[in-house]
Every structure is written in structure tokens, then in C-alpha cells.
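Shown below: upload.csv, with CSV, C-alpha atoms.
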```csv
chain,number,residue,atom,x,y,z
A,1,ASP,CA,16.9,105.7,114.9
A,2,ILE,CA,13.4,107.0,115.5
A,3,GLN,CA,13.2,109.1,118.7
A,4,MET,CA,10.2,109.1,120.9
A,5,THR,CA,9.8,112.1,123.1
A,6,GLN,CA,7.4,112.0,126.0
A,7,SER,CA,6.0,114.9,127.9
A,8,PRO,CA,5.8,115.7,130.6
A,9,SER,CA,8.7,113.9,132.3
A,10,THR,CA,6.9,114.1,135.6
A,11,LEU,CA,3.3,114.7,136.3
A,12,SER,CA,1.8,115.5,139.7
A,13,ALA,CA,-1.9,114.5,140.0
A,14,SER,CA,-4.5,113.5,142.5
A,15,VAL,CA,-6.8,110.6,142.7
A,16,GLY,CA,-9.8,111.2,140.4
A,17,ASP,CA,-7.8,113.5,138.0
A,18,ARG,CA,-7.8,113.1,134.2
A,19,VAL,CA,-4.2,112.5,133.2
A,20,THR,CA,-2.8,112.8,129.7
A,21,ILE,CA,0.7,111.8,128.6
A,22,THR,CA,2.0,112.7,125.1
A,23,CYS,CA,4.5,110.9,123.0
A,24,ARG,CA,5.9,112.5,119.8
A,25,ALA,CA,7.8,110.4,117.2
A,26,SER,CA,10.7,112.0,115.2
A,27,GLN,CA,9.1,110.5,112.1
A,28,ASN,CA,6.0,108.7,111.0
A,29,VAL,CA,5.4,105.4,112.9
A,30,ASN,CA,1.8,104.9,111.6
A,31,ASP,CA,-0.1,103.2,114.5
A,32,TRP,CA,2.7,101.1,115.7
A,33,VAL,CA,2.9,102.5,119.3
A,34,ALA,CA,2.5,100.7,122.6
A,35,TRP,CA,2.2,102.0,126.1
A,36,TYR,CA,3.6,100.4,129.3
A,37,GLN,CA,3.3,101.0,133.0
A,38,GLN,CA,6.2,100.2,135.3
A,39,LYS,CA,6.2,100.3,139.1
A,40,PRO,CA,9.4,100.4,141.1
A,41,GLY,CA,11.1,97.0,141.2
A,42,LYS,CA,8.6,95.5,138.8
A,43,THR,CA,8.6,94.5,135.2
A,44,PRO,CA,6.8,96.7,132.6
A,45,LYS,CA,3.2,95.9,132.0
A,46,LEU,CA,1.6,96.3,128.6
A,47,LEU,CA,-1.4,98.7,128.6
A,48,ILE,CA,-2.1,99.7,125.0
A,49,TYR,CA,-0.9,98.4,121.7
A,50,ASP,CA,-1.3,99.6,118.1
A,51,ALA,CA,-1.8,103.1,119.5
A,52,SER,CA,-5.4,102.6,120.7
A,53,ASN,CA,-6.1,98.9,121.6
A,54,LEU,CA,-6.6,98.1,125.2
A,55,GLU,CA,-4.7,95.1,126.4
A,56,SER,CA,-6.9,92.4,127.9
A,57,GLY,CA,-7.3,92.9,131.7
A,58,VAL,CA,-6.3,96.5,131.7
A,59,PRO,CA,-8.9,98.8,133.2
A,60,SER,CA,-11.0,100.8,130.8
A,61,ARG,CA,-10.0,104.1,132.4
A,62,PHE,CA,-6.8,103.7,130.3
A,63,SER,CA,-7.0,104.7,126.6
A,64,GLY,CA,-4.7,105.5,123.8
A,65,SER,CA,-5.0,107.6,120.7
A,66,GLY,CA,-3.0,109.1,117.9
A,67,SER,CA,-1.4,108.2,114.6
A,68,GLY,CA,1.7,109.2,112.6
A,69,THR,CA,3.9,111.2,115.0
A,70,GLU,CA,1.7,112.2,117.9
A,71,PHE,CA,0.2,109.9,120.5
A,72,THR,CA,-1.5,110.2,123.8
A,73,LEU,CA,-2.2,107.9,126.8
A,74,THR,CA,-5.1,109.1,128.9
A,75,ILE,CA,-6.2,107.9,132.3
A,76,SER,CA,-9.8,109.1,132.7
A,77,SER,CA,-9.9,109.0,136.5
A,78,LEU,CA,-6.6,108.4,138.2
A,79,GLN,CA,-6.7,105.6,140.8
A,80,PRO,CA,-4.2,105.0,143.7
A,81,ASP,CA,-2.8,102.0,141.8
A,82,ASP,CA,-1.9,104.2,138.8
A,83,PHE,CA,1.0,106.1,140.4
A,84,ALA,CA,3.8,104.7,138.3
A,85,THR,CA,6.1,105.5,135.3
A,86,TYR,CA,4.7,105.2,131.8
A,87,TYR,CA,6.6,104.5,128.6
A,88,CYS,CA,5.6,104.7,125.0
A,89,GLN,CA,7.4,102.4,122.4
A,90,GLN,CA,7.4,102.6,118.6
A,91,TYR,CA,7.8,99.4,116.7
A,92,ASN,CA,7.4,100.7,113.2
A,93,SER,CA,11.1,100.6,112.3
A,94,TYR,CA,13.7,97.9,112.1
A,95,SER,CA,15.0,99.2,115.5
A,96,HIS,CA,12.4,99.9,118.1
A,97,THR,CA,12.6,102.7,120.6
A,98,PHE,CA,11.1,103.7,123.9
A,99,GLY,CA,10.2,107.1,125.1
A,100,GLN,CA,12.2,108.4,128.2
A,101,GLY,CA,9.2,107.8,130.5
A,102,THR,CA,6.7,109.9,132.4
A,103,LYS,CA,6.4,109.5,136.2
A,104,VAL,CA,3.0,110.1,137.6
A,105,GLU,CA,3.3,111.1,141.2
A,106,ASN,CA,0.8,112.0,143.9
A,107,LYS,CA,0.2,115.7,144.2
B,1,GLU,CA,1.3,79.8,130.3
B,2,VAL,CA,4.1,81.8,128.7
B,3,GLN,CA,7.1,82.1,131.0
B,4,LEU,CA,10.4,83.7,130.6
B,5,VAL,CA,12.9,82.9,133.3
B,6,GLN,CA,16.2,84.8,133.4
B,7,SER,CA,19.5,83.8,135.1
B,8,GLY,CA,20.5,85.3,138.4
B,9,ALA,CA,22.2,88.5,139.4
B,10,GLU,CA,25.8,89.0,138.4
B,11,VAL,CA,28.6,91.0,139.9
B,12,LYS,CA,31.6,91.4,137.6
B,13,LYS,CA,34.7,93.5,137.2
B,14,PRO,CA,35.4,95.8,134.3
B,15,GLY,CA,37.0,93.9,131.4
B,16,GLU,CA,35.4,90.6,132.3
B,17,SER,CA,33.0,88.7,129.9
B,18,LEU,CA,29.5,87.7,130.7
B,19,LYS,CA,26.6,85.8,129.2
B,20,ILE,CA,23.1,86.0,130.7
B,21,SER,CA,20.2,83.8,129.8
B,22,CYS,CA,16.5,83.8,129.3
B,23,THR,CA,14.8,80.3,129.2
B,24,VAL,CA,11.3,80.2,127.9
B,25,SER,CA,8.4,77.8,128.3
B,26,GLY,CA,4.7,77.6,127.3
B,27,TYR,CA,5.1,78.4,123.6
B,28,SER,CA,7.1,77.4,120.6
B,29,PHE,CA,10.5,79.1,121.1
B,30,THR,CA,11.4,79.0,117.4
B,31,THR,CA,8.3,80.8,116.1
B,32,TYR,CA,8.4,84.0,118.2
B,33,TRP,CA,11.0,86.7,118.3
B,34,ILE,CA,12.6,87.5,121.7
B,35,GLY,CA,14.1,90.8,122.6
B,36,TRP,CA,16.4,92.4,125.3
B,37,VAL,CA,15.7,95.7,127.1
B,38,ARG,CA,18.2,97.6,129.3
B,39,GLN,CA,17.2,99.7,132.3
B,40,MET,CA,20.1,101.6,133.9
B,41,PRO,CA,19.6,102.5,137.6
B,42,GLY,CA,16.9,105.1,138.0
B,43,LYS,CA,16.6,105.4,134.2
B,44,GLY,CA,14.2,104.4,131.4
B,45,LEU,CA,13.8,101.4,129.2
B,46,GLU,CA,16.1,101.0,126.2
B,47,TRP,CA,15.4,98.6,123.4
B,48,MET,CA,18.7,96.7,122.7
B,49,GLY,CA,17.8,94.1,120.0
B,50,ILE,CA,15.8,91.1,119.1
B,51,ILE,CA,16.4,87.6,117.7
B,52,TYR,CA,14.3,85.1,115.9
B,53,PRO,CA,15.4,81.7,117.3
B,54,GLY,CA,14.0,79.9,114.3
B,55,ASP,CA,16.8,81.1,112.0
B,56,SER,CA,18.9,83.3,114.3
B,57,ASP,CA,17.9,86.5,112.4
B,58,THR,CA,19.0,89.3,114.8
B,59,ARG,CA,18.4,93.0,114.8
B,60,TYR,CA,20.3,95.5,117.0
B,61,SER,CA,19.6,99.0,118.1
B,62,PRO,CA,22.4,101.2,116.7
B,63,SER,CA,23.2,102.2,120.3
B,64,PHE,CA,24.0,98.5,121.1
B,65,GLU,CA,25.4,97.2,117.8
B,66,GLY,CA,28.9,95.9,118.4
B,67,GLN,CA,28.6,96.3,122.2
B,68,VAL,CA,26.6,93.1,122.9
B,69,THR,CA,25.8,89.9,121.2
B,70,ILE,CA,22.3,88.3,121.2
B,71,SER,CA,22.1,84.6,120.5
B,72,ALA,CA,19.7,81.7,121.0
B,73,ASP,CA,20.0,77.9,121.5
B,74,LYS,CA,16.9,76.2,120.1
B,75,SER,CA,17.8,72.9,121.8
B,76,ILE,CA,17.2,74.3,125.2
B,77,ASN,CA,14.7,77.1,124.5
B,78,THR,CA,17.1,79.8,125.7
B,79,ALA,CA,18.1,83.2,124.5
B,80,TYR,CA,21.3,84.9,125.6
B,81,LEU,CA,22.8,88.4,125.9
B,82,GLN,CA,26.6,88.5,126.0
B,83,TRP,CA,29.4,90.9,126.6
B,84,SER,CA,33.0,90.3,125.7
B,85,SER,CA,34.4,93.1,127.9
B,86,LEU,CA,32.2,94.7,130.5
B,87,ARG,CA,32.3,98.4,131.5
B,88,ALA,CA,31.0,100.1,134.6
B,89,SER,CA,28.4,101.7,132.4
B,90,ASP,CA,26.9,98.3,131.6
B,91,THR,CA,25.6,98.2,135.2
B,92,ALA,CA,21.8,97.8,134.7
B,93,MET,CA,18.8,95.6,134.9
B,94,TYR,CA,18.4,93.6,131.7
B,95,TYR,CA,15.0,92.2,130.7
B,96,CYS,CA,14.2,89.6,128.1
B,97,ALA,CA,10.7,90.0,126.5
B,98,ARG,CA,8.6,88.3,123.9
B,99,PRO,CA,6.6,90.2,121.3
B,100,ARG,CA,3.0,89.1,120.8
B,101,GLY,CA,3.3,89.0,117.0
B,102,THR,CA,6.4,89.4,114.9
B,103,THR,CA,8.7,92.2,116.1
B,104,ASP,CA,6.2,94.3,117.8
B,105,TYR,CA,5.2,95.2,121.3
B,106,PHE,CA,6.3,93.0,124.3
B,107,ASP,CA,3.5,91.2,126.1
B,108,SER,CA,5.6,88.8,128.1
B,109,TRP,CA,8.6,89.7,130.2
B,110,GLY,CA,11.3,87.9,132.1
B,111,GLN,CA,11.9,88.9,135.7
B,112,GLY,CA,15.1,90.8,134.9
B,113,THR,CA,18.8,90.1,135.5
B,114,LEU,CA,20.7,92.7,137.5
B,115,VAL,CA,24.3,93.1,136.2
B,116,THR,CA,26.7,95.1,138.4
B,117,VAL,CA,30.1,95.9,137.0
B,118,SER,CA,32.5,97.3,139.6
B,119,SER,CA,36.2,97.2,140.4
```
Can you turn what I pasted into C-alpha cells?
Amino acid sequence: DIQMTQSPSTLSASVGDRVTITCRASQNVNDWVAWYQQKPGKTPKLLIYDASNLESGVPSRFSGSGSGTEFTLTISSLQPDDFATYYCQQYNSYSHTFGQGTKVENK
Amino acid sequence: EVQLVQSGAEVKKPGESLKISCTVSGYSFTTYWIGWVRQMPGKGLEWMGIIYPGDSDTRYSPSFEGQVTISADKSINTAYLQWSSLRASDTAMYYCARPRGTTDYFDSWGQGTLVTVSS
């Protein structure tokens, strides 16, 4: 199974901060990575697909980059609605995997 | 509008069997894969497996192969996740979700089914 390792596990930030979350794959997954946001008690929400494509309706402050084994999700200016947990997912292999999650909390 | 509606919360004892469901509408059930995701209490998302209802082609994560069974009934647009003998460690929220394309990222999710296994 391909492992997806996110860092950091927890991130403390303030409104207006630039936030970057990293996801490293244990082997090459090309561009087949998605990012999701999940708030407590809610279902995950797709933010980014194919590493860098912004899902329709998602604010442009979210962006994704990377290829191969290293990927990043960036929030250019953190908003109050963005405090949540973020997950990466690879779908390059027969069996897909999620990262362990990064919780973005209010500093 | 694509909708995935899951069956209600379950409370079971260890050793019991269980089958939870995910009924879809708003698209052709037989032409999209549908997957299952586990989220244990306070933990992250885990990809369990995925099925193509058109021909019942099924793929499992190695972590879940042999532990659960994924199936689908084309006649009623419903996918299932099944256990033959539950354990306390199966206590979790289970989501069904539909990939946008083939077996890729999930863009539509069910509301989740909470399964509690306790003696």
C-alpha cells in the first residue's frame, strides 16, 4: 500500500496567516492527489483534485501543488471558516490511501 | 442532483453480523464506482474499498480485505458494506462516496452511518 504522510499533524494559525500543509507519498503517485476539508460532525469536502485543480465553488485562497511524491495544500489567507482538519488522498494505485490528517486550529 | 443516502445508526454486540447500505439517486448507478471510507472515533479517514455496480468488480484495501464485504444491488441502486462477525474495533463512522470519474477522488458523499459495537 502507498503511504501518505502529512505534516504537520496540528497547525496553530491566526486569521490572515498563510498556511501550508505537506503530504509525502511513499512512492510516485504522479498527479493523482486530492485534498479534502472536514469539520467536526460533517462529511469531508473536496477542495483540490489532480494535485492542483480547484474544485468548483471552493474559494481561490486554496491551492494545491506538487507531483510525484511531494504535495502541498496552501491557504493564502486563513479565514475563520477554514479551521478544520485537512486530508490528502492518493488515487494512483489499485488501493487508494488517505493521509492521517492535519488539524488547523486557532492560535 | 447526486444523492447518497445511508442507512441509520446501528448498535451491535461483538460477534454479530451487520449490513449497512448506501442508496443513490441522481445518476446512473451502474456507470460509476462507489466506495466506502471508515473514520474511527477521533481519527482520520481510511479508504476501505470500492465497487463498480455495473459488473460488481470490487477492490479492497489490504487493511480491510477479508474483514468486510462490499456488494451492490443494481435493481435498487444500493451499495452495501457487510460484516460477518463484528468486533469492538469496528466501532466507527462509515461513509459511502462516489468518485467523479473512474476510481479517483470522491466528489459526492453519503451522510455517514455510525456503527457502535459494544457488549
Item to check | Residue with smallest distance to Thr69 (chain A) - pool A:Ser52, A:Gln100, A:Gln3, A:Ser12, counting all atoms listed in the file | outcome: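 Of the candidates, the smallest distance to Thr69 (chain A) is held by A:Gln3.
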Residues at most 6 Å from region 59-64 of chain A, counting all atoms listed in the file, excluding those fewer than 2 positions away in the same chain, as a PDB file with C-alpha atoms, in the coordinates of the input?
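Ended up saving to around.pdb:
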```pdb
ATOM      1  CA  ALA A  51      -1.800 103.100 119.500  1.00  0.00           C
ATOM      2  CA  SER A  52      -5.400 102.600 120.700  1.00  0.00           C
ATOM      3  CA  THR A  72      -1.500 110.200 123.800  1.00  0.00           C
ATOM      4  CA  LEU A  73      -2.200 107.900 126.800  1.00  0.00           C
ATOM      5  CA  THR A  74      -5.100 109.100 128.900  1.00  0.00           C
ATOM      6  CA  ILE A  75      -6.200 107.900 132.300  1.00  0.00           C
ATOM      7  CA  SER A  76      -9.800 109.100 132.700  1.00  0.00           C
TER       8      SER A  76
END
```
Can you write out as JSON lines which residues of chain B fall within 7 Å of chain A, alongside each residue's closest atom pair and its distance in Å to one decimal, counting all atoms listed in the file and ordering rows by chain and ascending residue number?
```
{"residue": "B:Gly44", "atom": "CA", "partner": "A:Gln100", "partner_atom": "CA", "distance": 5.5}
{"residue": "B:Leu45", "atom": "CA", "partner": "A:Phe98", "partner_atom": "CA", "distance": 6.4}
{"residue": "B:Glu46", "atom": "CA", "partner": "A:Phe98", "partner_atom": "CA", "distance": 6.1}
{"residue": "B:Trp47", "atom": "CA", "partner": "A:Thr97", "partner_atom": "CA", "distance": 5.7}
{"residue": "B:Tyr60", "atom": "CA", "partner": "A:Ser95", "partner_atom": "CA", "distance": 6.6}
{"residue": "B:Ser61", "atom": "CA", "partner": "A:Ser95", "partner_atom": "CA", "distance": 5.3}
{"residue": "B:Asp104", "atom": "CA", "partner": "A:Tyr91", "partner_atom": "CA", "distance": 5.5}
{"residue": "B:Tyr105", "atom": "CA", "partner": "A:Ala34", "partner_atom": "CA", "distance": 6.3}
{"residue": "B:Asp107", "atom": "CA", "partner": "A:Leu46", "partner_atom": "CA", "distance": 6.0}
{"residue": "B:Trp109", "atom": "CA", "partner": "A:Thr43", "partner_atom": "CA", "distance": 6.9}
{"residue": "B:Gln111", "atom": "CA", "partner": "A:Thr43", "partner_atom": "CA", "distance": 6.5}
```
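Between CA of Val2 (chain B) and CA of Val24 (chain B) the interatomic distance comes to 7.4 Å.
Closest approach to Gly54 (chain B) from the set B:Pro41, B:Gln67, B:Ser119, B:Phe29 is made by B:Phe29, with distances taken over all atoms listed in the file.
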Next on the checklist: Excluding Ser7 (chain A) and its own-chain neighbours fewer than 3 positions away, which residues fall within 7 Å of it when counting only C-alpha atoms? Please give them as a list in words.
Outcome noted: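 Here the qualifying residues turn out to be Ile21, Thr22, Cys23 and Thr102 of chain A.
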Preceding selection exported with C-alpha atoms as a CSV table (one decimal), keeping the file's coordinate frame:
```
chain,number,residue,atom,x,y,z
A,21,ILE,CA,0.7,111.8,128.6
A,22,THR,CA,2.0,112.7,125.1
A,23,CYS,CA,4.5,110.9,123.0
A,102,THR,CA,6.7,109.9,132.4
```
Next on the checklist: List as JSON, numbers by chain the residues having at least one atom at most 9 Å from position (6.8, 90.6, 123.6) as given in the file, counting only C-alpha atoms.
Outcome noted: {"B": [32, 33, 34, 35, 96, 97, 98, 99, 100, 101, 102, 103, 104, 105, 106, 107, 108, 109]}
Go ahead and save the residues from that selection, with C-alpha atoms, as an mmCIF file, keeping the file's coordinate frame.
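The result, written out as result_25.cif:
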```
data_model
loop_
_atom_site.group_PDB
_atom_site.id
_atom_site.type_symbol
_atom_site.label_atom_id
_atom_site.label_comp_id
_atom_site.auth_asym_id
_atom_site.auth_seq_id
_atom_site.Cartn_x
_atom_site.Cartn_y
_atom_site.Cartn_z
ATOM 1 C CA TYR B 32 8.400 84.000 118.200
ATOM 2 C CA TRP B 33 11.000 86.700 118.300
ATOM 3 C CA ILE B 34 12.600 87.500 121.700
ATOM 4 C CA GLY B 35 14.100 90.800 122.600
ATOM 5 C CA CYS B 96 14.200 89.600 128.100
ATOM 6 C CA ALA B 97 10.700 90.000 126.500
ATOM 7 C CA ARG B 98 8.600 88.300 123.900
ATOM 8 C CA PRO B 99 6.600 90.200 121.300
ATOM 9 C CA ARG B 100 3.000 89.100 120.800
ATOM 10 C CA GLY B 101 3.300 89.000 117.000
ATOM 11 C CA THR B 102 6.400 89.400 114.900
ATOM 12 C CA THR B 103 8.700 92.200 116.100
ATOM 13 C CA ASP B 104 6.200 94.300 117.800
ATOM 14 C CA TYR B 105 5.200 95.200 121.300
ATOM 15 C CA PHE B 106 6.300 93.000 124.300
ATOM 16 C CA ASP B 107 3.500 91.200 126.100
ATOM 17 C CA SER B 108 5.600 88.800 128.100
ATOM 18 C CA TRP B 109 8.600 89.700 130.200
#
```
Checklist entry - At what distance in Å, to one decimal, does CA of Asp31 (chain A) lie from CA of Gly16 (chain A)? => result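 Value for the CA of Gly16 (chain A)-CA of Asp31 (chain A) distance: 28.8 Å.
With CA of Ser71 (chain B) on one side and CA of Ser89 (chain B) on the other, the separation reads 21.8 Å.
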Next on the checklist: Just want the 12 Å neighbourhood of Gly8 (chain B), counted on only C-alpha atoms, with same-chain residues fewer than 6 positions away dropped. Output as a list of chain:residue names.
Outcome noted: B:Lys19, B:Ile20, B:Ser21, B:Cys22, B:Thr23, B:Met93, B:Tyr94, B:Tyr95, B:Gly110, B:Gln111, B:Gly112, B:Thr113, B:Leu114, B:Val115, B:Thr116
Could you please take those selected residues and save C-alpha atoms as a short mmCIF file (atom, residue, chain, number, x, y, z; two decimals), keeping the file's coordinate frame?
```cif
data_model
loop_
_atom_site.label_atom_id
_atom_site.label_comp_id
_atom_site.auth_asym_id
_atom_site.auth_seq_id
_atom_site.Cartn_x
_atom_site.Cartn_y
_atom_site.Cartn_z
CA LYS B 19 26.60 85.80 129.20
CA ILE B 20 23.10 86.00 130.70
CA SER B 21 20.20 83.80 129.80
CA CYS B 22 16.50 83.80 129.30
CA THR B 23 14.80 80.30 129.20
CA MET B 93 18.80 95.60 134.90
CA TYR B 94 18.40 93.60 131.70
CA TYR B 95 15.00 92.20 130.70
CA GLY B 110 11.30 87.90 132.10
CA GLN B 111 11.90 88.90 135.70
CA GLY B 112 15.10 90.80 134.90
CA THR B 113 18.80 90.10 135.50
CA LEU B 114 20.70 92.70 137.50
CA VAL B 115 24.30 93.10 136.20
CA THR B 116 26.70 95.10 138.40
#
```
Missing atoms in region 1-22 of chain B: fill them in up to N, CA and C atoms and send the result as a PDB file, in the frame of the given file.
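Once everything was written out, this is result-v7.pdb:
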```pdb
ATOM      1  N   GLU B   1       0.927  78.425 129.845  1.00  0.00           N
ATOM      2  CA  GLU B   1       1.300  79.800 130.300  1.00  0.00           C
ATOM      3  C   GLU B   1       2.685  80.132 129.782  1.00  0.00           C
ATOM      4  N   VAL B   2       2.780  81.288 129.142  1.00  0.00           N
ATOM      5  CA  VAL B   2       4.100  81.800 128.700  1.00  0.00           C
ATOM      6  C   VAL B   2       4.932  82.188 129.858  1.00  0.00           C
ATOM      7  N   GLN B   3       6.146  81.666 129.926  1.00  0.00           N
ATOM      8  CA  GLN B   3       7.100  82.100 131.000  1.00  0.00           C
ATOM      9  C   GLN B   3       8.448  82.332 130.431  1.00  0.00           C
ATOM     10  N   LEU B   4       9.077  83.398 130.916  1.00  0.00           N
ATOM     11  CA  LEU B   4      10.400  83.700 130.600  1.00  0.00           C
ATOM     12  C   LEU B   4      11.204  83.820 131.892  1.00  0.00           C
ATOM     13  N   VAL B   5      12.169  82.951 132.086  1.00  0.00           N
ATOM     14  CA  VAL B   5      12.900  82.900 133.300  1.00  0.00           C
ATOM     15  C   VAL B   5      14.368  83.242 133.065  1.00  0.00           C
ATOM     16  N   GLN B   6      14.818  84.303 133.696  1.00  0.00           N
ATOM     17  CA  GLN B   6      16.200  84.800 133.400  1.00  0.00           C
ATOM     18  C   GLN B   6      17.155  84.265 134.497  1.00  0.00           C
ATOM     19  N   SER B   7      18.408  84.258 134.140  1.00  0.00           N
ATOM     20  CA  SER B   7      19.500  83.800 135.100  1.00  0.00           C
ATOM     21  C   SER B   7      19.638  84.880 136.161  1.00  0.00           C
ATOM     22  N   GLY B   8      20.363  84.496 137.191  1.00  0.00           N
ATOM     23  CA  GLY B   8      20.500  85.300 138.400  1.00  0.00           C
ATOM     24  C   GLY B   8      21.401  86.490 138.272  1.00  0.00           C
ATOM     25  N   ALA B   9      21.356  87.318 139.314  1.00  0.00           N
ATOM     26  CA  ALA B   9      22.200  88.500 139.400  1.00  0.00           C
ATOM     27  C   ALA B   9      23.657  88.201 139.245  1.00  0.00           C
ATOM     28  N   GLU B  10      24.377  89.125 138.624  1.00  0.00           N
ATOM     29  CA  GLU B  10      25.800  89.000 138.400  1.00  0.00           C
ATOM     30  C   GLU B  10      26.570  90.172 138.918  1.00  0.00           C
ATOM     31  N   VAL B  11      27.725  89.907 139.510  1.00  0.00           N
ATOM     32  CA  VAL B  11      28.600  91.000 139.900  1.00  0.00           C
ATOM     33  C   VAL B  11      29.972  90.683 139.195  1.00  0.00           C
ATOM     34  N   LYS B  12      30.400  91.616 138.378  1.00  0.00           N
ATOM     35  CA  LYS B  12      31.600  91.400 137.600  1.00  0.00           C
ATOM     36  C   LYS B  12      32.524  92.605 137.662  1.00  0.00           C
ATOM     37  N   LYS B  13      33.761  92.383 137.239  1.00  0.00           N
ATOM     38  CA  LYS B  13      34.700  93.500 137.200  1.00  0.00           C
ATOM     39  C   LYS B  13      34.847  93.997 135.752  1.00  0.00           C
ATOM     40  N   PRO B  14      35.235  95.253 135.607  1.00  0.00           N
ATOM     41  CA  PRO B  14      35.400  95.800 134.300  1.00  0.00           C
ATOM     42  C   PRO B  14      36.430  94.939 133.481  1.00  0.00           C
ATOM     43  N   GLY B  15      36.111  94.723 132.207  1.00  0.00           N
ATOM     44  CA  GLY B  15      37.000  93.900 131.400  1.00  0.00           C
ATOM     45  C   GLY B  15      36.571  92.444 131.308  1.00  0.00           C
ATOM     46  N   GLU B  16      35.776  91.995 132.255  1.00  0.00           N
ATOM     47  CA  GLU B  16      35.400  90.600 132.300  1.00  0.00           C
ATOM     48  C   GLU B  16      34.254  90.360 131.217  1.00  0.00           C
ATOM     49  N   SER B  17      34.086  89.095 130.853  1.00  0.00           N
ATOM     50  CA  SER B  17      33.000  88.700 129.900  1.00  0.00           C
ATOM     51  C   SER B  17      31.832  88.187 130.718  1.00  0.00           C
ATOM     52  N   LEU B  18      30.675  88.175 130.052  1.00  0.00           N
ATOM     53  CA  LEU B  18      29.500  87.700 130.700  1.00  0.00           C
ATOM     54  C   LEU B  18      28.439  87.284 129.680  1.00  0.00           C
ATOM     55  N   LYS B  19      27.686  86.257 130.035  1.00  0.00           N
ATOM     56  CA  LYS B  19      26.600  85.800 129.200  1.00  0.00           C
ATOM     57  C   LYS B  19      25.406  85.532 130.132  1.00  0.00           C
ATOM     58  N   ILE B  20      24.304  86.250 129.941  1.00  0.00           N
ATOM     59  CA  ILE B  20      23.100  86.000 130.700  1.00  0.00           C
ATOM     60  C   ILE B  20      22.071  85.335 129.874  1.00  0.00           C
ATOM     61  N   SER B  21      21.138  84.637 130.523  1.00  0.00           N
ATOM     62  CA  SER B  21      20.200  83.800 129.800  1.00  0.00           C
ATOM     63  C   SER B  21      18.754  84.092 130.081  1.00  0.00           C
ATOM     64  N   CYS B  22      17.923  83.622 129.186  1.00  0.00           N
ATOM     65  CA  CYS B  22      16.500  83.800 129.300  1.00  0.00           C
ATOM     66  C   CYS B  22      15.871  82.464 128.754  1.00  0.00           C
TER      67      CYS B  22
END
```
